[in-house]
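Report on the following structure.
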Protein chains: 2
Amino acid sequence: MAVASIFSAVAEGVHRVEESLLSVAEVEHPQISALLRHVLQTEGKRIRPALVLLSGKLGDYNLDRLVPLATAVELLHTATLVHDDVIDNSHTRRGVPTLNSLISGRATILIGDYLFAQSAVFATKSHNLRVMELFSRTLAKICDGELRNVSSSNDGSKSRSEYYRTIEAKTAALFVAATQSGAILANLPEREIQAIGAYGYNVGVAFQIVDDILDFVGDERKMGKPVGSDLRQGTVTLPAIRLAESFPDDGILACIFEDSIDDAERERRIKRVVEMVVSSPAIRLAREEALSFIREAKDALDILPDSDHKRSLLALADYIVERAY
Amino acid sequence: MAVASIFSAVAEGVHRVEESLLSVAEVEHPQISALLRHVLQTEGKRIRPALVLLSGKLGDYNLDRLVPLATAVELLHTATLVHDDVIDNSHTRRGVPTLNSLISGRATILIGDYLFAQSAVFATKSHNLRVMELFSRTLAKICDGELRNVSSSNDGSKSRSEYYRTIEAKTAALFVAATQSGAILANLPEREIQAIGAYGYNVGVAFQIVDDILDFVGDERKMGKPVGSDLRQGTVTLPAIRLAESFPDDGILACIFEDSIDDAERERRIKRVVEMVVSSPAIRLAREEALSFIREAKDALDILPDSDHKRSLLALADYIVERAY
């Protein structure tokens with residue numbers, strides 16, 4: 001199934017989500033409105049809203065409830081990106097200037113807070129207590145994970161289990177919330193809600209692994225940033241961990257994090273690690289892990305009756321991991 | 001009625017709120033836990049939780065619902081303080097070091113986000129859709145107000161109506177949410193919910209005016225900051241506006257905001273404005289405005305039957321404005 005046809009089933013819903021997102025940018029002050037439009041418009045695929053809507057398609061497809069929820073999920077995602085950019089002091093994202101590079105860090109914090117607030121407002125428009133509980137617990141999980149990260153030592157010694165714990169909070173939790181709340185609002189039976197949540201979890205983990213692979217082997221123009229950006233920001237991801245595992249005694253990543261070296265030397269070391277990752281089996285191993293999560297995601301849907309929309313979810317899972325090749 | 005006896009009626013509830021707040025500080029990393037305890041423990045009166053609980057006392061007093069909501073309100077308040085301190089780059093609050101002065105601005109943003117998230121989690125524990133809607137709209141109103149502030153020009157030309165619009169969002173909105181949601185959870189009739197909300201609004205406005213008066217005439221040791229701190233941060237409040245109104249052509253505040261002067265000169269000008277405010281009728285006029293809001297607050301409760309708890313709310317309103325003398 002082609003990507004276009006996966007998304008075409010929910011095109012009207014995604015369009016309404018875009019309208020809702022633009023309505024969030026309508027604030028009193030024209031300059032702030034322009035900044036909000038800047039962060040809310042994206043070339044991205046709106047994969048999280050699409051997941052809410054596709055999950056909703058499996059049952060009673062009520063756009064009046066699903067669209068606010070899908071909007072809330074995308075707003076929450078955007079709010080975390082905005083604060084992340086202040087925290088990481090990033091100046092571009094996908095080649096587009098971050099808010100942080102356009103205005104003061106202070107105003108950026110407030111714009112992130114505003115997006116969090118609007119996300120809560122849209123979540124309540126689902127008029128469903130269980131969805132709102134799921135939503136607030138997800139926000140808490142994401143923030144918990146970020147706090148854990150900021151307080152963990154940064155010496156390159158991350159284990160695979162620490163990596164998975166990080167991306168569970170950073171990415172998979174919101175995928176679970178997106179898919180499960182779509183299913184809840186569609187009045188699916190509990191067993192199917194759980195199955196779709198398991199699908200969301202596994203797709204979310206795979207999605208992040210693929211992102212982390214692309215940071216080593218992706219097209220720099222498409223990404224709008226040089227390869228190795230994660231390492232440059234001190235973030236150790238699966239491909240680098242896989243490389244380090246094959247040289248257990250060499251502290252191959254620790255050398256990047258040494259305090260005593262200057263920026264030029266650090267950059268040389270980062271480039272060397274990137275080359276080692278790319279020329280080693282690390283990328284293949286990481287792809288295999290992503291694939292196994294995709295298999296789990298698809299298996300989770302076994303209990304659902306066959307339908308066009310189930311096939312869309314299966315195709316979406318495949319599409320996510322194909323990006324890594 | 002003495003302050004102690006106002007609060008004694010809800011002492012058990014406030015105690016349980018303190019426990020909930022401490023539970024929020026229990027995170028994996030001991031250093032972050034210590035920081036969270038640092039911001040969540042306060043010498044303050046917990047006036048917002050007390051308002052939730054006192055409003056709840058007017059009807060079915062169900063602590064299992066009221067305590068989470070009162071906790072959510074206090075967490076939301078604390079989260080905004082934490083982000084404000086990054087935004088204003090403040091190093092102390094009430095004489096206690098701010099998070100911002102102890103750790104990086106980056107970690108402070110995350111701790112604020114974590115508190116927002118926990119606030120949402122506790123709000124959902126009220127298991128009441130209307131309360132959650134009220135809560136998220138309040139958060140949105142607060143963030144809206146902050147965005148408006150950051151984008152407004154800073155030349156000292158604030159009008160009284162702009163001032164009231166600011167403090168409505170900054171302070172009164174959360175007082176409305178606290179009192180109304182207490183009343184909603186206590187199953188009061190709609191008319192009484194509205195009346196208690198009006199009480200909350202007026203008490204909230206008066207509370208902020210009193211805070212702003214104390215910034216000119218308060219005891220520096222008790223406040224833990226020198227008088228004139230608001231002006232020093234570029235915030236023009238009612239007493240200064242009242243002074244400016246009596247010298248309409250003199251741009252008496254604009255002189256503080258001139259770009260061309262150095263810090264020492266700015267400090268001299270701030271001190272002069274503070275002295276002028278204190279020796280003019282500005283403070284008396286501001287007190288009278290606070291008092292008129294307190295009268296409105298008390299009048300709003302006229303429709304409620306007489307009870308000990310109504311008398312506590314009336315006494316609390318008086319207490320709030322007494323702080324200004």
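Just remember, in the structure tokens the first chain shown is A, the second B, etc., residues are 1-based per chain, and ligands are 1-based in the order shown.
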
Residues of chain B within 6 Å of chain A, only C-alpha atoms counted, as a ChimeraX atom specification: /B:87,106,114,117,120-121,124,133,136,139-140,143

Residues within 12 Å of Asp302 of chain B, only C-alpha atoms, excluding chain neighbours under 3 positions, as a PyMOL selection string: chain B and resi 191-192+195-196+198-199+295-299+305-307+310-311+313-314

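In this comparison, chain B was overlaid on chain A using all C-alpha atoms paired by position, and the resulting RMSD is 0.0 Å.
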
Spatial neighbours of segment 222-228 of chain A, 12 Å, only C-alpha atoms, chain gap at least 5 places, as number ranges by chain: A: 43-44, 90-98, 211-217, 233-237, 239-240, 256, 266-278, 323

Length of the atom CA of Asp219 of chain A to atom CA of Ala315 of chain A vector [Å]: 23.4 Å

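Separating atom CA of Leu35 of chain B from atom CA of Gly218 of chain B is a distance of 28.3 Å.
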
Alpha helix (DSSP H) per DSSP on the backbone: members of segment 61-305 of chain A, as an NGL selection string: :A and (63-88 or 99-102 or 105-124 or 129-151 or 160-167 or 173-185 or 190-217 or 220-223 or 229-232 or 238-246 or 263-279 or 282-300)

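Going from atom CA of Glu26 of chain B to atom CA of Ala79 of chain B covers 16.2 Å.
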
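Using only C-alpha atoms, the residues found no farther than 7 Å from Gly13 of chain A, other than those of its own chain fewer than 5 positions away, are Leu53, Leu63 and Val67 of chain A.
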
Writing out the chosen residues with C-alpha atoms as a tab-separated table (two decimals), in the first residue's frame:
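Once written, again03.tsv looks like this:
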```
chain	number	residue	atom	x	y	z
A	53	LEU	CA	-7.63	9.13	13.26
A	63	LEU	CA	-14.48	13.49	13.92
A	67	VAL	CA	-10.10	15.97	15.69
```

Val210 of chain B environment, 10 Å, only C-alpha atoms, sequence neighbours closer than 2 positions dropped, as a PyMOL selection string: chain B and resi 204-208+212-215+218+238-239+283+286-287+289-291+320-325

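Residues with any atom within 10 Å of Gly56 of chain A, counting only C-alpha atoms and excluding same-chain neighbours fewer than 6 positions away, are Val10, Ala50, Asn62, Leu63, Arg65, Leu66, Ala178, Thr179, Gln180, Ser181, Gly182, Ala183, Ile184, Leu185, Ala186, Asn187, Leu188 and His309 of chain A.
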
Generate a file of the selected residues that holds N, CA and C atoms, formatted as a PDB file, in the first residue's frame.
```
ATOM      1  N   VAL A  10      -7.785   9.242   5.985  1.00  0.00           N
ATOM      2  CA  VAL A  10      -8.034  10.177   7.086  1.00  0.00           C
ATOM      3  C   VAL A  10      -7.767  11.620   6.665  1.00  0.00           C
ATOM      4  N   ALA A  50      -2.495  11.395  12.488  1.00  0.00           N
ATOM      5  CA  ALA A  50      -2.950  10.316  11.600  1.00  0.00           C
ATOM      6  C   ALA A  50      -3.196   9.036  12.392  1.00  0.00           C
ATOM      7  N   ASN A  62     -15.967   9.371  14.895  1.00  0.00           N
ATOM      8  CA  ASN A  62     -16.617  10.637  15.233  1.00  0.00           C
ATOM      9  C   ASN A  62     -15.578  11.760  15.208  1.00  0.00           C
ATOM     10  N   LEU A  63     -15.529  12.469  14.073  1.00  0.00           N
ATOM     11  CA  LEU A  63     -14.478  13.486  13.921  1.00  0.00           C
ATOM     12  C   LEU A  63     -14.599  14.610  14.942  1.00  0.00           C
ATOM     13  N   ARG A  65     -14.991  14.405  17.976  1.00  0.00           N
ATOM     14  CA  ARG A  65     -14.199  14.075  19.172  1.00  0.00           C
ATOM     15  C   ARG A  65     -12.744  13.765  18.808  1.00  0.00           C
ATOM     16  N   LEU A  66     -12.575  13.118  17.648  1.00  0.00           N
ATOM     17  CA  LEU A  66     -11.228  12.684  17.269  1.00  0.00           C
ATOM     18  C   LEU A  66     -10.337  13.860  16.860  1.00  0.00           C
ATOM     19  N   ALA A 178      -1.861   8.371  21.494  1.00  0.00           N
ATOM     20  CA  ALA A 178      -2.549   8.689  20.243  1.00  0.00           C
ATOM     21  C   ALA A 178      -3.427   7.518  19.800  1.00  0.00           C
ATOM     22  N   THR A 179      -2.844   6.338  19.760  1.00  0.00           N
ATOM     23  CA  THR A 179      -3.594   5.188  19.245  1.00  0.00           C
ATOM     24  C   THR A 179      -4.679   4.757  20.232  1.00  0.00           C
ATOM     25  N   GLN A 180      -4.326   4.671  21.519  1.00  0.00           N
ATOM     26  CA  GLN A 180      -5.322   4.206  22.494  1.00  0.00           C
ATOM     27  C   GLN A 180      -6.482   5.184  22.612  1.00  0.00           C
ATOM     28  N   SER A 181      -6.190   6.482  22.604  1.00  0.00           N
ATOM     29  CA  SER A 181      -7.316   7.381  22.785  1.00  0.00           C
ATOM     30  C   SER A 181      -8.189   7.409  21.542  1.00  0.00           C
ATOM     31  N   GLY A 182      -7.584   7.247  20.357  1.00  0.00           N
ATOM     32  CA  GLY A 182      -8.411   7.076  19.158  1.00  0.00           C
ATOM     33  C   GLY A 182      -9.356   5.897  19.316  1.00  0.00           C
ATOM     34  N   ALA A 183      -8.815   4.796  19.820  1.00  0.00           N
ATOM     35  CA  ALA A 183      -9.623   3.581  20.000  1.00  0.00           C
ATOM     36  C   ALA A 183     -10.700   3.762  21.069  1.00  0.00           C
ATOM     37  N   ILE A 184     -10.345   4.475  22.146  1.00  0.00           N
ATOM     38  CA  ILE A 184     -11.324   4.714  23.218  1.00  0.00           C
ATOM     39  C   ILE A 184     -12.483   5.559  22.683  1.00  0.00           C
ATOM     40  N   LEU A 185     -12.135   6.629  21.960  1.00  0.00           N
ATOM     41  CA  LEU A 185     -13.183   7.517  21.434  1.00  0.00           C
ATOM     42  C   LEU A 185     -14.028   6.820  20.366  1.00  0.00           C
ATOM     43  N   ALA A 186     -13.481   5.778  19.739  1.00  0.00           N
ATOM     44  CA  ALA A 186     -14.232   5.022  18.733  1.00  0.00           C
ATOM     45  C   ALA A 186     -15.061   3.904  19.368  1.00  0.00           C
ATOM     46  N   ASN A 187     -15.060   3.883  20.724  1.00  0.00           N
ATOM     47  CA  ASN A 187     -15.853   2.882  21.462  1.00  0.00           C
ATOM     48  C   ASN A 187     -15.480   1.442  21.146  1.00  0.00           C
ATOM     49  N   LEU A 188     -14.206   1.181  20.923  1.00  0.00           N
ATOM     50  CA  LEU A 188     -13.797  -0.205  20.681  1.00  0.00           C
ATOM     51  C   LEU A 188     -13.809  -0.982  21.991  1.00  0.00           C
ATOM     52  N   HIS A 309      -9.034  -0.361   7.215  1.00  0.00           N
ATOM     53  CA  HIS A 309      -8.333   0.522   8.136  1.00  0.00           C
ATOM     54  C   HIS A 309      -7.261  -0.233   8.907  1.00  0.00           C
TER      55      HIS A 309
END
```

Residues within 7 Å of Arg48 of chain B, only C-alpha atoms, excluding chain neighbours under 6 positions, as number ranges by chain: B: 73-74, 175, 178

Give me a file of those residues, with C-alpha atoms, as a compact mmCIF listing (two decimals), in the first residue's frame.
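So the final result, stored in again39.txt, reads:
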```
# COMPACT_ATOMS: atom_id res chain seq x y z
CA VAL B 73 -4.20 24.28 41.75
CA GLU B 74 -1.11 24.72 43.94
CA PHE B 175 -8.62 32.07 42.22
CA ALA B 178 -9.98 27.27 42.82
```

DSSP strand (DSSP E) residues within segment 38-202 of chain B, listed as a PyMOL selection string: chain B and resi 92-93+96-97
